[in-house]
Amino acid sequence: MPSQKYTAYLSMAAAMVTVGSTIVASKMMGGMPVFIAAFLRFAVASPLLVGMAWFGGKRLPRLARREWATLCVQAGLGSVGYSVLLIMGLSLTHASDASVIAGTLPAVAALLSFVVLRERLGGWTMLAIVLATLGVAVLSLDTPAAGGEHARRWTGNALVLDAIACEAVFLLLNKTIKTPIDPALVAATMSVLSLLFCAVPALFQWTQASGPVLSGRAVGAAVYYALVPTVLGFHLWYQGASKASGAEASLLTAVYPVAGLLLSAGVLGEVITTQHWIGIAIAVLGIAVGARASKP
């Protein structure tokens with residue numbers, strides 16, 4: 001029914017707004033050691049996600065060793081790697097830059113599918129990759145900052161792009177797991193594994209810190225990251241995605257970079273330049289083209 005479709009669209013759009021807010025939250029966590037910030041996020045989210053799966057009657061099926069290895073790689077790269085690299089990158093660059101770069105996720109995932117899985121790239125997909133590249137390239141048209149600020153910004157942008165690549169690997173590896181796993185169980189398993197992976201480096205950073213490592217702003221951002229994008233965002237996305245096609249879900253991911261850009265201005269007070277607007281428009285067009293390519 002049309003009303004169910006609209007409800008699904010709104011649910012997925014709301015989920016993507018929460019995902020876009022991770023850019024702002026990661027920027028606010030920049031003053032905290034990265035593994036401590038990631039550990040705090042997963043420590044808050046894990047009990048909630050496990051509880052949701054357990055009380056929902058979900059039980060993890062028997063998995064092959066190779067599938068467990070895949071889940072571990074997904075947690076290490078797609079969860080921990082993404083979080084750590086995003087926080088590191090945003091300590092050096094603008095959240096508005098990161099929002100434009102976030103729009104490349106579908107294109108990066110498609111490119112990795114071609115390189116790693118040897119999947120065929122159709123004309124629409126290649127166009128989406130070109131548009132994503134142009135969207136990021138537009139950032140170079142911005143006026144260079146004085147001194148070392150320009151180099152810091154581009155180092156940060158490179159780290160953010162690496163974070164997006166980690167997330168793309170996560171999506172890519174999903175295709176290699178043959179045993180059906182409920183999405184709630186995937187989210188809970190990813191969070192628990194990520195918590196375990198972060199524990200030792202977080203403890204090391206804590207013992208090596210020469211001063212206070214926790215600020216109210218950074219801790220609040222980490223808790224927000226755990227509760228809203230990780231838990232609520234997951235629930236909203238799968239609630240909507242279960243009633244929509246793959247192409248429709250792909251198209252709704254365009255809300256992610258746009259929300260990140262608007263929240264960068266509204267919450268952090270960043271100045272959004274003409275280059276950012278052009279870059280985000282090209283990135284969203286690329287996502288739309290990619291969604292067109294995913295139609296059967």
# chains A, B, ... in the order shown; residues from 1 in each chain; ligands from 1
$ residues_around --residues "range 222-239 of chain A" --least-positions-apart "6" --cutoff "6 Å" --atoms "only C-alpha atoms" --output "CSV table (one decimal) with C-alpha atoms, in the first residue's frame"
chain,number,residue,atom,x,y,z
A,11,SER,CA,11.8,5.4,8.5
A,12,MET,CA,14.8,4.9,6.3
A,15,ALA,CA,17.8,6.4,10.0
A,18,THR,CA,21.0,9.6,12.5
A,19,VAL,CA,23.9,8.1,10.4
A,41,ARG,CA,30.4,3.6,22.0
A,44,VAL,CA,26.9,1.4,25.7
A,45,ALA,CA,25.4,-0.1,22.5
$ residues_around --residues "Val219 in chain A" --least-positions-apart "4" --cutoff "12 Å" --atoms "only C-alpha atoms" --output "number ranges by chain"
A: 25-26, 28-34, 36-41, 44, 213-215, 223-226
$ residues_around --residues "Val271 in chain A" --least-positions-apart "4" --cutoff "12 Å" --atoms "only C-alpha atoms" --output "list in words"
His94, Ala95, Ser96, Asp97, Leu261, Leu262, Leu263, Ser264, Ala265, Gly266, Val267, Gln275, His276 and Trp277 of chain A
$ closest_atom_pairs --of "range 106-209 of chain A" --to "range 278-294 of chain A" --cutoff "10 Å" --atoms "only C-alpha atoms" --output "CSV"
residue,atom,partner,partner_atom,distance
A:Pro106,CA,A:Ile287,CA,6.7
A:Ala107,CA,A:Gly290,CA,7.3
A:Ala110,CA,A:Gly290,CA,8.8
A:Leu121,CA,A:Ala293,CA,9.4
A:Gly122,CA,A:Ala293,CA,7.4
A:Gly123,CA,A:Ala293,CA,8.1
A:Trp124,CA,A:Ala293,CA,5.2
A:Thr125,CA,A:Gly290,CA,5.5
A:Met126,CA,A:Gly290,CA,8.6
A:Leu127,CA,A:Val289,CA,7.2
A:Ala128,CA,A:Gly286,CA,4.4
A:Ile129,CA,A:Gly286,CA,7.0
A:Val130,CA,A:Gly286,CA,7.9
A:Leu131,CA,A:Gly286,CA,5.1
A:Ala132,CA,A:Ala283,CA,5.1
A:Thr133,CA,A:Ala283,CA,8.3
A:Leu134,CA,A:Ile282,CA,7.1
A:Gly135,CA,A:Gly279,CA,4.2
A:Val136,CA,A:Gly279,CA,6.2
A:Ala137,CA,A:Gly279,CA,7.8
A:Val138,CA,A:Gly279,CA,5.6
A:Leu139,CA,A:Gly279,CA,6.8
$ closest_atom_pairs --of "range 136-202 of chain A" --to "range 56-74 of chain A" --cutoff "12 Å" --atoms "only C-alpha atoms" --output "tab-separated table"
residue	atom	partner	partner_atom	distance
A:Ala165	CA	A:Gln74	CA	11.9
A:Cys166	CA	A:Gln74	CA	8.6
A:Glu167	CA	A:Gln74	CA	8.5
A:Ala168	CA	A:Gln74	CA	9.9
A:Val169	CA	A:Gln74	CA	7.4
A:Phe170	CA	A:Gln74	CA	5.0
A:Leu171	CA	A:Gln74	CA	8.4
A:Leu172	CA	A:Gln74	CA	9.3
A:Leu173	CA	A:Thr70	CA	6.8
A:Asn174	CA	A:Gln74	CA	8.3
A:Lys175	CA	A:Thr70	CA	10.3
A:Thr176	CA	A:Thr70	CA	8.0
A:Ile177	CA	A:Glu67	CA	5.9
A:Lys178	CA	A:Glu67	CA	8.1
A:Thr179	CA	A:Leu63	CA	6.9
A:Pro180	CA	A:Pro61	CA	8.0
A:Ile181	CA	A:Leu60	CA	7.0
A:Asp182	CA	A:Lys58	CA	7.3
A:Pro183	CA	A:Lys58	CA	9.6
A:Ala184	CA	A:Lys58	CA	7.7
A:Leu185	CA	A:Leu60	CA	6.5
A:Val186	CA	A:Leu71	CA	8.5
A:Ala187	CA	A:Leu71	CA	10.6
A:Ala188	CA	A:Leu60	CA	10.1
A:Thr189	CA	A:Leu71	CA	8.0
A:Met190	CA	A:Leu71	CA	7.2
A:Ser191	CA	A:Gln74	CA	10.5
A:Val192	CA	A:Cys72	CA	10.3
A:Leu193	CA	A:Cys72	CA	6.8
A:Ser194	CA	A:Cys72	CA	8.3
A:Leu195	CA	A:Cys72	CA	11.4
A:Leu196	CA	A:Cys72	CA	10.3
A:Phe197	CA	A:Cys72	CA	9.1
$ closest_residue --among "A:Arg217, A:Lys243, A:Arg118, A:Lys27" --to "Gly260 in chain A" --atoms "only C-alpha atoms"
A:Lys27
$ atom_distance --atom1 "CA of Met52 in chain A" --atom2 "CA of Lys5 in chain A"
24.9 Å
$ atom_distance --atom1 "CA of Asn157 in chain A" --atom2 "CA of Val255 in chain A"
20.1 Å
